[in-house]
$ cat structure_39.txt   # compact mmCIF, C-alpha atoms and all ligand atoms
# COMPACT_ATOMS: atom_id res chain seq x y z
CA MET A 113 28.34 -51.30 -5.94
CA ALA A 114 25.84 -49.71 -3.58
CA ILE A 115 25.02 -46.32 -2.08
CA HIS A 116 24.43 -46.31 1.68
CA ASN A 117 22.62 -43.11 2.57
CA LEU A 118 22.67 -42.02 6.22
CA GLY A 119 19.75 -39.66 5.83
CA SER A 120 16.73 -37.99 7.34
CA ILE A 121 13.15 -39.07 6.74
CA ASN A 122 10.69 -36.25 7.38
CA ILE A 123 6.95 -35.96 7.22
CA ASP A 124 6.10 -32.58 5.69
CA HIS A 125 2.77 -31.03 6.70
CA PHE A 126 1.84 -28.14 4.37
CA TYR A 127 -0.81 -25.62 5.45
CA ARG A 128 -2.05 -22.86 3.15
CA VAL A 129 -2.89 -19.88 5.37
CA PRO A 130 -4.24 -16.38 4.60
CA HIS A 131 -1.20 -14.87 6.36
CA LEU A 132 1.59 -16.21 8.57
CA PRO A 133 0.31 -16.47 12.17
CA GLU A 134 1.05 -13.59 14.58
CA PRO A 135 2.16 -14.40 18.17
CA GLY A 136 -0.91 -15.61 20.09
CA GLU A 137 -3.08 -15.87 16.99
CA THR A 138 -5.15 -18.95 16.11
CA LEU A 139 -5.54 -19.21 12.37
CA ALA A 140 -7.61 -21.52 10.16
CA ALA A 141 -5.71 -23.07 7.25
CA THR A 142 -7.54 -23.23 3.92
CA GLU A 143 -5.69 -26.28 2.60
CA TYR A 144 -3.66 -29.17 4.03
CA ARG A 145 -1.32 -31.63 2.34
CA MET A 146 1.12 -34.18 3.74
CA GLY A 147 4.20 -35.43 1.92
CA LEU A 148 7.48 -37.27 2.30
CA GLY A 149 10.47 -34.98 2.76
CA GLY A 150 13.87 -34.63 4.35
CA LYS A 151 17.07 -34.25 2.35
CA GLY A 152 17.99 -37.85 3.13
CA ALA A 153 14.76 -39.35 1.82
CA ASN A 154 14.91 -37.11 -1.26
CA GLN A 155 18.46 -38.17 -2.10
CA SER A 156 17.68 -41.86 -1.54
CA ALA A 157 14.66 -41.52 -3.81
CA ALA A 158 16.79 -39.85 -6.48
CA ALA A 159 19.63 -42.40 -6.33
CA ALA A 160 17.24 -45.37 -6.43
CA ARG A 161 15.12 -43.87 -9.21
CA ALA A 162 18.35 -43.32 -11.14
CA GLY A 163 18.95 -47.07 -10.92
CA ALA A 164 21.66 -47.34 -8.25
CA ARG A 165 21.42 -49.97 -5.52
CA THR A 166 20.46 -47.71 -2.61
CA ARG A 167 20.22 -48.54 1.11
CA HIS A 168 18.75 -45.95 3.45
CA ILE A 169 20.21 -45.84 6.98
CA GLY A 170 17.92 -43.85 9.25
CA ALA A 171 15.03 -43.88 11.66
CA VAL A 172 11.35 -43.05 11.96
CA GLY A 173 8.81 -43.24 14.78
CA SER A 174 5.74 -45.45 14.75
CA ASP A 175 4.04 -42.70 12.68
CA GLY A 176 6.54 -43.13 9.83
CA ALA A 177 5.71 -46.57 8.40
CA TRP A 178 4.05 -45.05 5.31
CA ALA A 179 7.15 -42.95 4.59
CA VAL A 180 9.34 -46.05 4.70
CA ALA A 181 6.87 -47.88 2.43
CA ARG A 182 7.05 -44.97 -0.03
CA LEU A 183 10.86 -45.22 -0.18
CA LYS A 184 10.62 -48.98 -0.62
CA GLY A 185 8.20 -48.45 -3.49
CA TRP A 186 10.91 -46.50 -5.31
CA GLY A 187 13.33 -49.39 -4.90
CA VAL A 188 15.22 -48.18 -1.81
CA ASP A 189 16.40 -50.95 0.54
CA THR A 190 14.92 -49.76 3.84
CA THR A 191 16.15 -52.68 5.96
CA PRO A 192 18.49 -50.32 7.89
CA VAL A 193 15.67 -47.92 8.84
CA ALA A 194 14.96 -48.32 12.56
CA THR A 195 11.60 -47.64 14.18
CA LEU A 196 12.18 -45.73 17.42
CA ASP A 197 10.01 -44.80 20.34
CA THR A 198 10.00 -41.11 19.37
CA PRO A 199 8.04 -39.24 16.68
CA SER A 200 9.38 -39.18 13.13
CA GLY A 201 11.12 -36.02 12.02
CA HIS A 202 8.52 -33.62 10.71
CA ALA A 203 8.05 -30.12 9.41
CA ILE A 204 5.07 -27.82 9.85
CA ILE A 205 5.14 -25.63 6.75
CA ASN A 206 2.82 -22.61 6.63
CA VAL A 207 2.59 -20.93 3.23
CA ASP A 208 0.77 -17.59 2.86
CA ALA A 209 -0.97 -16.11 -0.17
CA THR A 210 2.25 -14.50 -1.44
CA GLY A 211 4.19 -17.79 -1.24
CA GLU A 212 6.14 -16.68 1.86
CA ASN A 213 6.59 -19.52 4.33
CA ALA A 214 7.33 -20.15 8.01
CA ILE A 215 8.60 -23.58 8.97
CA VAL A 216 8.88 -25.41 12.28
CA LEU A 217 11.14 -28.44 12.03
CA PHE A 218 11.22 -31.23 14.62
CA PRO A 219 14.18 -33.57 13.97
CA GLY A 220 12.65 -36.43 16.04
CA ALA A 221 13.89 -39.91 15.15
CA ASN A 222 16.49 -38.52 12.69
CA ARG A 223 18.60 -37.20 15.56
CA ALA A 224 17.72 -40.01 18.00
CA LEU A 225 19.24 -42.74 15.85
CA PRO A 226 21.68 -44.77 18.03
CA LEU A 227 25.33 -44.89 16.91
CA SER A 228 25.33 -48.70 17.27
CA HIS A 229 22.60 -48.89 14.62
CA VAL A 230 24.60 -46.77 12.16
CA GLU A 231 27.78 -48.80 12.79
CA ALA A 232 26.00 -52.13 12.30
CA ALA A 233 24.32 -50.94 9.11
CA LEU A 234 27.58 -49.63 7.66
CA ALA A 235 29.41 -52.85 8.50
CA ALA A 236 27.55 -54.44 5.57
CA ALA A 237 29.18 -51.99 3.12
CA ARG A 238 31.87 -53.18 0.71
CA LEU A 239 35.05 -51.61 -0.66
CA GLY A 240 34.13 -49.20 -3.47
CA ASP A 241 30.59 -48.56 -2.19
CA THR A 242 29.47 -45.03 -1.40
CA LEU A 243 28.38 -43.49 1.90
CA LEU A 244 26.13 -40.53 1.20
CA LEU A 245 25.22 -38.17 4.03
CA GLN A 246 23.68 -34.77 4.73
CA ASN A 247 23.28 -32.62 7.84
CA GLU A 248 19.96 -33.83 9.22
CA THR A 249 20.86 -36.95 11.21
CA ALA A 250 22.96 -37.93 14.22
CA HIS A 251 26.47 -39.43 13.93
CA GLN A 252 27.63 -38.00 10.61
CA ALA A 253 31.31 -37.72 11.55
CA GLU A 254 31.44 -41.19 13.12
CA ALA A 255 29.80 -42.72 10.05
CA ALA A 256 32.11 -40.84 7.70
CA ARG A 257 35.17 -42.04 9.60
CA GLN A 258 33.97 -45.67 9.59
CA ALA A 259 33.20 -45.46 5.87
CA ARG A 260 36.59 -43.96 5.07
CA ASP A 261 38.24 -46.79 7.04
CA LEU A 262 36.21 -49.36 5.06
CA GLY A 263 37.42 -47.86 1.77
CA LEU A 264 34.10 -46.26 0.80
CA ARG A 265 33.68 -43.11 -1.28
CA VAL A 266 32.24 -40.61 1.22
CA VAL A 267 29.89 -38.09 -0.39
CA TYR A 268 28.81 -35.25 1.89
CA SER A 269 25.94 -33.03 0.87
CA ALA A 270 26.58 -30.35 3.50
CA ALA A 271 23.06 -29.06 3.92
CA PRO A 272 21.43 -27.54 5.89
CA PHE A 273 24.74 -25.70 6.32
CA ASP A 274 26.45 -25.84 9.70
CA ALA A 275 30.11 -24.88 9.88
CA GLU A 276 30.88 -27.13 12.86
CA ALA A 277 29.29 -30.16 11.21
CA VAL A 278 31.30 -29.56 8.03
CA ARG A 279 34.53 -29.20 9.98
CA ALA A 280 33.84 -32.58 11.65
CA VAL A 281 32.99 -34.50 8.45
CA LEU A 282 35.37 -32.85 5.96
CA PRO A 283 38.51 -34.84 6.93
CA PHE A 284 36.76 -38.08 5.86
CA THR A 285 35.01 -36.69 2.78
CA THR A 286 35.83 -37.77 -0.78
CA LEU A 287 33.28 -35.58 -2.54
CA LEU A 288 31.75 -32.46 -1.00
CA ILE A 289 28.50 -31.17 -2.49
CA LEU A 290 27.43 -27.55 -1.88
CA ASN A 291 24.99 -25.12 -3.44
CA ALA A 292 26.15 -21.59 -4.24
CA VAL A 293 25.07 -20.14 -0.87
CA GLU A 294 26.64 -22.98 1.11
CA ALA A 295 29.86 -22.56 -0.88
CA LEU A 296 30.09 -18.92 0.21
CA GLN A 297 29.22 -19.82 3.81
CA LEU A 298 31.91 -22.51 3.94
CA SER A 299 34.54 -20.32 2.35
CA ALA A 300 33.78 -17.60 4.93
CA ALA A 301 33.70 -20.03 7.88
CA LEU A 302 37.03 -21.63 6.96
CA GLN A 303 38.52 -18.39 5.63
CA THR A 304 39.68 -20.35 2.60
CA PRO A 305 39.03 -19.73 -1.08
CA LEU A 306 36.99 -22.62 -2.49
CA ASP A 307 39.78 -23.57 -4.88
CA ALA A 308 42.08 -24.13 -1.90
CA LEU A 309 39.59 -26.31 -0.03
CA ASP A 310 41.29 -29.50 1.14
CA VAL A 311 38.88 -32.08 -0.27
CA PRO A 312 39.53 -34.53 -3.14
CA GLU A 313 36.39 -33.68 -5.13
CA LEU A 314 34.09 -30.68 -4.98
CA LEU A 315 30.68 -30.23 -6.64
CA ILE A 316 28.96 -26.85 -6.54
CA THR A 317 25.43 -26.46 -7.88
CA ARG A 318 24.43 -22.95 -8.90
CA GLY A 319 20.70 -23.21 -9.66
CA ALA A 320 19.89 -21.88 -13.12
CA ASP A 321 23.62 -21.12 -13.59
CA GLY A 322 24.48 -24.82 -13.75
CA ALA A 323 26.88 -26.99 -11.78
CA GLU A 324 30.65 -27.45 -11.65
CA TRP A 325 32.86 -30.29 -10.44
CA ARG A 326 36.56 -30.34 -9.62
CA GLY A 327 38.49 -33.59 -9.27
CA ARG A 328 41.46 -34.54 -7.11
CA ASP A 329 43.94 -33.94 -9.93
CA GLY A 330 42.47 -30.52 -10.66
CA SER A 331 40.37 -31.80 -13.57
CA ARG A 332 37.11 -29.94 -14.07
CA ALA A 333 33.64 -30.53 -15.49
CA PHE A 334 30.64 -28.25 -15.97
CA ALA A 335 26.98 -28.84 -16.79
CA PRO A 336 24.82 -25.86 -17.70
CA ALA A 337 21.25 -25.86 -16.37
CA LEU A 338 18.74 -26.86 -19.03
CA ALA A 339 16.34 -24.16 -20.25
CA VAL A 340 13.00 -25.24 -18.77
CA LYS A 341 9.92 -23.55 -17.35
CA ALA A 342 10.59 -23.94 -13.62
CA VAL A 343 7.43 -24.30 -11.51
CA ASP A 344 8.92 -25.65 -8.26
CA THR A 345 12.65 -25.81 -7.54
CA THR A 346 12.32 -27.57 -4.14
CA GLY A 347 14.36 -30.74 -4.20
CA ALA A 348 16.38 -29.74 -7.28
CA GLY A 349 19.60 -29.97 -5.28
CA ASP A 350 18.67 -33.36 -3.79
CA THR A 351 17.72 -34.72 -7.20
CA PHE A 352 21.06 -33.51 -8.53
CA ALA A 353 23.04 -35.02 -5.64
CA GLY A 354 21.24 -38.39 -5.84
CA TYR A 355 21.67 -38.64 -9.61
CA PHE A 356 25.31 -37.54 -9.55
CA CYS A 357 26.16 -40.14 -6.88
CA ALA A 358 24.24 -42.80 -8.77
CA GLY A 359 26.03 -41.86 -11.98
CA LEU A 360 29.46 -42.31 -10.41
CA ASP A 361 28.35 -45.52 -8.69
CA LEU A 362 27.12 -46.90 -12.02
CA GLY A 363 30.46 -46.12 -13.68
CA ARG A 364 29.70 -42.89 -15.54
CA THR A 365 32.48 -40.31 -15.89
CA PRO A 366 32.10 -37.17 -13.74
CA GLN A 367 31.18 -35.11 -16.83
CA ASP A 368 28.58 -37.66 -17.90
CA ALA A 369 27.18 -37.98 -14.36
CA LEU A 370 27.01 -34.17 -14.14
CA THR A 371 25.06 -33.85 -17.40
CA TRP A 372 22.73 -36.67 -16.35
CA ALA A 373 22.10 -35.05 -12.94
CA ALA A 374 21.44 -31.66 -14.57
CA THR A 375 18.83 -33.25 -16.85
CA ALA A 376 17.13 -35.03 -13.93
CA ALA A 377 17.11 -31.82 -11.84
CA ALA A 378 15.73 -29.79 -14.77
CA LEU A 379 12.90 -32.29 -15.19
CA LYS A 380 12.20 -32.10 -11.44
CA VAL A 381 11.85 -28.30 -11.48
CA THR A 382 9.13 -28.57 -14.17
CA ARG A 383 7.02 -30.53 -11.61
CA HIS A 384 5.41 -29.59 -8.31
CA GLY A 385 6.47 -31.60 -5.24
CA THR A 386 9.66 -32.95 -3.74
CA ALA A 387 10.41 -36.68 -3.33
CA ASP A 388 7.30 -37.67 -5.27
CA ALA A 389 8.35 -35.45 -8.19
CA ILE A 390 11.86 -36.89 -8.65
CA PRO A 391 11.97 -38.53 -12.08
CA SER A 392 13.05 -42.08 -12.92
CA ALA A 393 16.00 -42.82 -15.22
CA ALA A 394 13.56 -43.74 -18.02
CA GLU A 395 11.80 -40.37 -17.68
CA VAL A 396 15.15 -38.58 -17.72
CA ALA A 397 16.22 -40.48 -20.84
CA ALA A 398 12.97 -39.54 -22.59
CA PHE A 399 13.04 -35.87 -21.49
CA ARG A 400 13.32 -33.37 -24.36
CA PRO A 401 13.31 -29.85 -22.84
P1 LIG B 1 17.06 -26.90 -3.38
O1 LIG B 1 17.51 -26.45 -2.02
O2 LIG B 1 15.94 -26.06 -3.96
O3 LIG B 1 16.82 -28.35 -3.50
P2 LIG B 1 19.75 -26.30 -4.11
O4 LIG B 1 19.91 -24.85 -3.74
O5 LIG B 1 20.38 -27.32 -3.25
O6 LIG B 1 18.24 -26.62 -4.39
P3 LIG B 1 20.40 -25.59 -6.83
O7 LIG B 1 21.81 -25.21 -7.02
O8 LIG B 1 19.38 -24.49 -6.75
O9 LIG B 1 20.32 -26.56 -5.58
O10 LIG B 1 19.94 -26.54 -8.02
C1 LIG B 1 20.56 -27.80 -8.26
C2 LIG B 1 20.61 -28.06 -9.75
O11 LIG B 1 19.26 -28.15 -10.25
C3 LIG B 1 21.27 -26.97 -10.58
O12 LIG B 1 22.68 -27.14 -10.64
C4 LIG B 1 20.60 -27.17 -11.93
O13 LIG B 1 21.21 -28.24 -12.66
C5 LIG B 1 19.18 -27.61 -11.54
N1 LIG B 1 18.29 -26.44 -11.51
C6 LIG B 1 17.96 -25.68 -10.45
N2 LIG B 1 17.14 -24.67 -10.81
C7 LIG B 1 16.94 -24.81 -12.13
C8 LIG B 1 16.18 -24.09 -13.12
N3 LIG B 1 15.47 -23.00 -12.79
N4 LIG B 1 16.21 -24.53 -14.39
C9 LIG B 1 16.91 -25.63 -14.75
N5 LIG B 1 17.64 -26.36 -13.86
C10 LIG B 1 17.66 -25.95 -12.58

$ encode --input "structure_39.txt" --output "structure tokens" --more "lines below"
Ligand code: ATP
Amino acid sequence: MAIHNLGSINIDHFYRVPHLPEPGETLAATEYRMGLGGKGANQSAAAARAGARTRHIGAVGSDGAWAVARLKGWGVDTTPVATLDTPSGHAIINVDATGENAIVLFPGANRALPLSHVEAALAAARLGDTLLLQNETAHQAEAARQARDLGLRVVYSAAPFDAEAVRAVLPFTTLLILNAVEALQLSAALQTPLDALDVPELLITRGADGAEWRGRDGSRAFAPALAVKAVDTTGAGDTFAGYFCAGLDLGRTPQDALTWAATAAALKVTRHGTADAIPSAAEVAAFRP
């Protein structure tokens, strides 16, 4: 089986600044760091590092070759990543002395990806494979529909939350993944209690309060968060989603996949960084919190 992830690839530029810039102000940063980001890239990294056969469907600009090489280095098949004549998606992240941040996000190539490219890439998928998708690319609903028609499991990590996007993708979704805030937002937008949500499987992650899964027959599973010293929770949700998908793809039961994902996410939060900090399956197996 394989996971086909229609996902964003972002270049994150981090600037440490004495304070967040005021309108009209020019401000010198005291530190600069660049990293690979985007929910799509994070989830591909997690699924591949977990050991699942993972193909990333997406796009970068000519400035994004290193990001693609980084994904490849983690074992992601990047053949369906197009190089477009537009800048890669990127984020300018200013962080002040108190840890407060201000972010400018340019979606770039992630939203410029042609539908024909997505369709051609998905045509290589096989019955029983998984389409994984988030809310940072073009053509989510079209891809989800095509995947459903091909007999794929469609896993939708509905973040960043957008009610219209969820409404469009939900009819084709097998497994919906939300964090606690997104769960409340969706329930309010649809005016439906979460238990009545019309989706075969639902996974809600609740940070340090653990994660719960409900199956199509009403069966349930729960994984408490592991007690660890959290130093950086960025990417915890993406690590969880990638590992959970990989677990199901590799034949684990939902409860087993949930426990595995919770262990991987707990190990992630003990490390600084996002995609680069996502652990491998061997590290997860050796982890003793
Ligand atoms: P992010 O946006 O920061 O990537 P998220 O809001 O999508 O995260 P969370 O629900 O915060 O996702 O976290 C996902 C999972 O990661 C949790 O269900 C839990 O298993 C694990 N996790 C998160 N925070 C902690 C923590 N402080 N200690 C241990 N595990 C954690």

$ closest_atom_pairs --input "structure_39.txt" --of "chain A" --to "ligand LIG 1 (chain B)" --cutoff "8 Å" --atoms "only C-alpha atoms and all ligand atoms" --output "CSV"
residue,atom,partner,partner_atom,distance
A:Ala271,CA,B:LIG1,O5,7.8
A:Leu290,CA,B:LIG1,O5,7.2
A:Asn291,CA,B:LIG1,O7,4.8
A:Ala292,CA,B:LIG1,O7,6.3
A:Val293,CA,B:LIG1,O4,7.6
A:Ile316,CA,B:LIG1,O7,7.4
A:Thr317,CA,B:LIG1,O7,3.9
A:Arg318,CA,B:LIG1,O7,3.9
A:Gly319,CA,B:LIG1,O8,3.4
A:Ala320,CA,B:LIG1,C7,4.3
A:Asp321,CA,B:LIG1,O12,6.8
A:Gly322,CA,B:LIG1,O12,4.3
A:Ala323,CA,B:LIG1,O12,4.4
A:Ala335,CA,B:LIG1,O13,7.1
A:Pro336,CA,B:LIG1,O13,6.6
A:Ala337,CA,B:LIG1,O13,4.4
A:Leu338,CA,B:LIG1,C9,4.8
A:Ala339,CA,B:LIG1,C9,5.7
A:Val340,CA,B:LIG1,N4,5.5
A:Lys341,CA,B:LIG1,N4,7.0
A:Ala342,CA,B:LIG1,N3,5.0
A:Thr345,CA,B:LIG1,O2,4.9
A:Thr346,CA,B:LIG1,O2,3.9
A:Gly347,CA,B:LIG1,O3,3.5
A:Ala348,CA,B:LIG1,O3,4.1
A:Gly349,CA,B:LIG1,O5,3.4
A:Asp350,CA,B:LIG1,O3,5.3
A:Thr351,CA,B:LIG1,O11,7.4
A:Phe352,CA,B:LIG1,C2,5.6
A:Ala373,CA,B:LIG1,O13,6.9
A:Ala374,CA,B:LIG1,O13,3.9
A:Thr375,CA,B:LIG1,O13,7.0
A:Ala377,CA,B:LIG1,O11,4.5
A:Ala378,CA,B:LIG1,N5,4.0
A:Leu379,CA,B:LIG1,N5,7.7
A:Val381,CA,B:LIG1,C7,6.2

$ closest_residue --input "structure_39.txt" --among "A:Arg182, A:His116, A:Lys380, A:His125" --to "A:Arg265" --atoms "all atoms listed in the file"
A:His116

$ closest_residue --input "structure_39.txt" --among "A:Ile205, A:Leu245, A:Val216, A:Val180" --to "A:Ile115" --atoms "all atoms listed in the file"
A:Leu245

$ residues_near_point --input "structure_39.txt" --point "(27.4, -47.7, -7.9)" --cutoff "7 Å" --atoms "only C-alpha atoms" --output "PyMOL selection string"
chain A and resi 113-115+164-165+241+358+360-363

$ atom_distance --input "structure_39.txt" --atom1 "atom CA of A:Ala398" --atom2 "atom CA of A:Trp325"
25.1 Å

$ closest_residue --input "structure_39.txt" --among "A:Gly187, A:Gly170, A:Pro391, A:Gly359" --to "A:Thr242" --atoms "all atoms listed in the file"
A:Gly359

$ residues_around --input "structure_39.txt" --residues "A:Met146" --least-positions-apart "5" --cutoff "9 Å" --atoms "all atoms listed in the file" --output "PDB file with C-alpha atoms, in the coordinates of the input"
ATOM      1  CA  ILE A 123       6.950 -35.960   7.220  1.00  0.00           C
ATOM      2  CA  ASP A 124       6.100 -32.580   5.690  1.00  0.00           C
ATOM      3  CA  HIS A 125       2.770 -31.030   6.700  1.00  0.00           C
ATOM      4  CA  PHE A 126       1.840 -28.140   4.370  1.00  0.00           C
ATOM      5  CA  TYR A 127      -0.810 -25.620   5.450  1.00  0.00           C
TER       6      TYR A 127
END
